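See structure below.
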Amino acid sequence: MRFMVIVKATKDAPPDPQLMADMNKFNDELLEAGVLLGYDGLHPSSKGARVHFSGKNRTVIDGPFAESKELIAGFWFWQVKSLEEAIEWVKRCPNCHDGEGDIEIRQVFEPEDFATAFNDEEIQKEKNFRARMAANAAKK
């Protein structure tokens, strides 16, 4: 099972060097355990934008965005056997927040999860597309 593990944003501040060292150590543990598929941190919302959809209209809203607790600071992609295993890994994570905070865990859909909506050929097409995408990423 694949999971996206979402670290919620805090105030726009440079990362603490000790926290970064602790996170790198945690990432090493995830990699050695065969759990880590990918990860990245995101720039603050002040450097981003949102596009609001209303029918055929599109409106661009420049950051920063007020509700930092609803924003994503970074994420991991993990391969684990269950939600319970993902939870156990998150419990080992260094605290990314000053005091209280949340890390959200969400299971990623697999092509087979759409078996009732797609036939075998369409599921295979999706798997082939994902393989091409991975091959393109490996070339860069």
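By order in the structure tokens, chains are A, B, ...; within a chain, residues start at 1; ligands start at 1, following the order shown.
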(request) Determine which residues of range 79-131 of chain A DSSP labels as strand (DSSP E or B) from the backbone of this structure, then write them out as number ranges by chain. (result) A: 79, 103-107
(message) Would you compute the distance between CA of Asp62 in chain A and CA of Ala49 in chain A? Give it in Å to one decimal.
(response)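 So the answer is 4.3 Å.
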Assign secondary structure with DSSP using the backbone only, and return the residues of chain A in alpha helix (DSSP H) as a PDB file with C-alpha atoms, in the first residue's frame.
ATOM      1  CA  PRO A  17      19.183  23.383  11.281  1.00  0.00           C
ATOM      2  CA  GLN A  18      18.739  20.813  14.087  1.00  0.00           C
ATOM      3  CA  LEU A  19      15.261  19.908  12.826  1.00  0.00           C
ATOM      4  CA  MET A  20      16.663  19.477   9.315  1.00  0.00           C
ATOM      5  CA  ALA A  21      19.391  17.167  10.665  1.00  0.00           C
ATOM      6  CA  ASP A  22      16.792  15.158  12.600  1.00  0.00           C
ATOM      7  CA  MET A  23      14.574  14.918   9.509  1.00  0.00           C
ATOM      8  CA  ASN A  24      17.500  13.754   7.367  1.00  0.00           C
ATOM      9  CA  LYS A  25      18.219  11.021   9.908  1.00  0.00           C
ATOM     10  CA  PHE A  26      14.541   9.990   9.863  1.00  0.00           C
ATOM     11  CA  ASN A  27      14.570   9.956   6.032  1.00  0.00           C
ATOM     12  CA  ASP A  28      17.646   7.699   6.140  1.00  0.00           C
ATOM     13  CA  GLU A  29      15.747   5.286   8.430  1.00  0.00           C
ATOM     14  CA  LEU A  30      12.764   5.278   6.039  1.00  0.00           C
ATOM     15  CA  LEU A  31      15.048   4.626   3.066  1.00  0.00           C
ATOM     16  CA  GLU A  32      16.950   1.810   4.796  1.00  0.00           C
ATOM     17  CA  LEU A  83      -2.251   2.313   7.610  1.00  0.00           C
ATOM     18  CA  GLU A  84      -1.190   1.051  11.036  1.00  0.00           C
ATOM     19  CA  GLU A  85       2.418   0.694   9.846  1.00  0.00           C
ATOM     20  CA  ALA A  86       2.335   4.221   8.391  1.00  0.00           C
ATOM     21  CA  ILE A  87       1.034   5.519  11.720  1.00  0.00           C
ATOM     22  CA  GLU A  88       3.884   3.794  13.568  1.00  0.00           C
ATOM     23  CA  TRP A  89       6.422   5.469  11.264  1.00  0.00           C
ATOM     24  CA  VAL A  90       4.809   8.894  11.728  1.00  0.00           C
ATOM     25  CA  LYS A  91       4.996   8.479  15.501  1.00  0.00           C
ATOM     26  CA  ARG A  92       8.788   8.181  15.102  1.00  0.00           C
ATOM     27  CA  ASP A 120      -8.743  -4.688 -17.431  1.00  0.00           C
ATOM     28  CA  GLU A 121      -7.464  -2.993 -20.601  1.00  0.00           C
ATOM     29  CA  GLU A 122      -7.962   0.488 -19.112  1.00  0.00           C
ATOM     30  CA  ILE A 123      -6.242  -0.543 -15.872  1.00  0.00           C
ATOM     31  CA  GLN A 124      -3.291  -1.909 -17.864  1.00  0.00           C
ATOM     32  CA  LYS A 125      -3.170   1.326 -19.872  1.00  0.00           C
ATOM     33  CA  GLU A 126      -2.920   3.270 -16.593  1.00  0.00           C
ATOM     34  CA  LYS A 127      -0.100   0.997 -15.354  1.00  0.00           C
ATOM     35  CA  ASN A 128       1.756   1.508 -18.653  1.00  0.00           C
ATOM     36  CA  PHE A 129       1.317   5.270 -18.372  1.00  0.00           C
ATOM     37  CA  ARG A 130       2.763   5.204 -14.838  1.00  0.00           C
ATOM     38  CA  ALA A 131       5.730   3.128 -16.051  1.00  0.00           C
ATOM     39  CA  ARG A 132       6.392   5.677 -18.823  1.00  0.00           C
ATOM     40  CA  MET A 133       6.159   8.491 -16.278  1.00  0.00           C
ATOM     41  CA  ALA A 134       8.706   6.759 -14.016  1.00  0.00           C
ATOM     42  CA  ALA A 135      11.029   6.161 -16.968  1.00  0.00           C
ATOM     43  CA  ASN A 136      10.839   9.841 -17.930  1.00  0.00           C
ATOM     44  CA  ALA A 137      11.649  10.892 -14.373  1.00  0.00           C
ATOM     45  CA  ALA A 138      14.643   8.508 -14.307  1.00  0.00           C
ATOM     46  CA  LYS A 139      16.078  10.166 -17.439  1.00  0.00           C
TER      47      LYS A 139
END
(message) Using only C-alpha atoms, can you tell me which of A:Trp76, A:Phe53, A:Tyr39, A:Phe118 comes closest to Ile103 in chain A?
(response)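 The shortest atom-to-atom distance to Ile103 in chain A comes from A:Trp76.
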Find the residues around Lys8 in chain A up to 9 Å (only C-alpha atoms counted), leave out those fewer than 6 positions away in its own chain, and share them as an mmCIF file with N, CA, C and O atoms, in the first residue's frame.
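out-v1.cif was written with the following content:
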data_model
loop_
_atom_site.group_PDB
_atom_site.id
_atom_site.type_symbol
_atom_site.label_atom_id
_atom_site.label_comp_id
_atom_site.auth_asym_id
_atom_site.auth_seq_id
_atom_site.Cartn_x
_atom_site.Cartn_y
_atom_site.Cartn_z
ATOM 1 N N SER A 68 -2.602 28.864 7.669
ATOM 2 C CA SER A 68 -1.415 28.012 7.542
ATOM 3 C C SER A 68 -1.688 26.573 7.963
ATOM 4 O O SER A 68 -1.091 25.645 7.429
ATOM 5 N N LYS A 69 -2.619 26.350 8.896
ATOM 6 C CA LYS A 69 -2.907 24.982 9.340
ATOM 7 C C LYS A 69 -3.530 24.138 8.232
ATOM 8 O O LYS A 69 -3.561 22.921 8.317
ATOM 9 N N GLU A 70 -4.038 24.784 7.180
ATOM 10 C CA GLU A 70 -4.622 24.070 6.059
ATOM 11 C C GLU A 70 -3.636 23.898 4.904
ATOM 12 O O GLU A 70 -3.976 23.283 3.900
ATOM 13 N N LEU A 71 -2.446 24.448 5.045
ATOM 14 C CA LEU A 71 -1.453 24.394 3.976
ATOM 15 C C LEU A 71 -0.493 23.237 4.187
ATOM 16 O O LEU A 71 -0.274 22.781 5.301
ATOM 17 N N ILE A 72 0.101 22.786 3.101
ATOM 18 C CA ILE A 72 1.073 21.693 3.133
ATOM 19 C C ILE A 72 2.479 22.273 3.076
ATOM 20 O O ILE A 72 2.788 23.082 2.196
ATOM 21 N N ALA A 73 3.333 21.854 4.001
ATOM 22 C CA ALA A 73 4.725 22.284 4.009
ATOM 23 C C ALA A 73 5.599 21.295 3.247
ATOM 24 O O ALA A 73 6.619 21.666 2.664
ATOM 25 N N GLY A 74 5.213 20.031 3.270
ATOM 26 C CA GLY A 74 5.989 19.000 2.595
ATOM 27 C C GLY A 74 5.264 17.681 2.658
ATOM 28 O O GLY A 74 4.183 17.565 3.260
ATOM 29 N N PHE A 75 5.850 16.673 2.015
ATOM 30 C CA PHE A 75 5.182 15.375 1.958
ATOM 31 C C PHE A 75 6.196 14.274 1.692
ATOM 32 O O PHE A 75 7.297 14.510 1.209
ATOM 33 N N CYS A 96 7.841 18.513 13.624
ATOM 34 C CA CYS A 96 8.139 19.573 12.660
ATOM 35 C C CYS A 96 7.603 20.924 13.099
ATOM 36 O O CYS A 96 7.841 21.925 12.436
ATOM 37 N N HIS A 97 6.851 20.962 14.164
ATOM 38 C CA HIS A 97 6.166 22.179 14.586
ATOM 39 C C HIS A 97 6.721 22.672 15.911
ATOM 40 O O HIS A 97 7.282 21.914 16.690
ATOM 41 N N GLY A 101 1.128 20.211 16.394
ATOM 42 C CA GLY A 101 0.934 20.183 14.952
ATOM 43 C C GLY A 101 0.384 18.831 14.531
ATOM 44 O O GLY A 101 0.215 17.938 15.348
ATOM 45 N N ASP A 102 0.117 18.700 13.249
ATOM 46 C CA ASP A 102 -0.459 17.477 12.721
ATOM 47 C C ASP A 102 0.300 17.018 11.486
ATOM 48 O O ASP A 102 0.777 17.837 10.704
ATOM 49 N N ILE A 103 0.361 15.710 11.325
ATOM 50 C CA ILE A 103 0.823 15.090 10.088
ATOM 51 C C ILE A 103 -0.318 14.190 9.629
ATOM 52 O O ILE A 103 -0.817 13.369 10.390
ATOM 53 N N GLU A 104 -0.738 14.390 8.395
ATOM 54 C CA GLU A 104 -1.874 13.645 7.837
ATOM 55 C C GLU A 104 -1.364 12.478 6.998
ATOM 56 O O GLU A 104 -0.365 12.610 6.289
#
(message) Counting only C-alpha atoms, which residue out of A:Arg50, A:Arg58, A:Lys81, A:His43 sits closest to Ala9 in chain A?
(response)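 Using only C-alpha atoms, Ala9 in chain A sits closest to A:His43.
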(request) Tell me, in Å to one decimal, how far CA of Val7 in chain A is from CA of Ala66 in chain A. (result) 17.0 Å
(request) Go ahead and compute the interatomic distance for CA of Gly34 in chain A and CA of Met1 in chain A, in Å to one decimal. (result)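 Between CA of Gly34 in chain A and CA of Met1 in chain A the gap works out to 12.6 Å.
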(message) Calculated over only C-alpha atoms, which of the candidates A:Ala117, A:Thr10, A:Phe3, A:Val108 has the smallest distance to Pro44 in chain A?
(response)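 Between A:Ala117, A:Thr10, A:Phe3, A:Val108, the residue approaching Pro44 in chain A most closely is A:Thr10.
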(request) Pick out the closest residue to Leu36 in chain A from this set: A:Gln107, A:Asn119, A:Asn95, A:Gln79. Count only C-alpha atoms. (result)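 With only C-alpha atoms as the atom set, the closest residue is A:Gln79.
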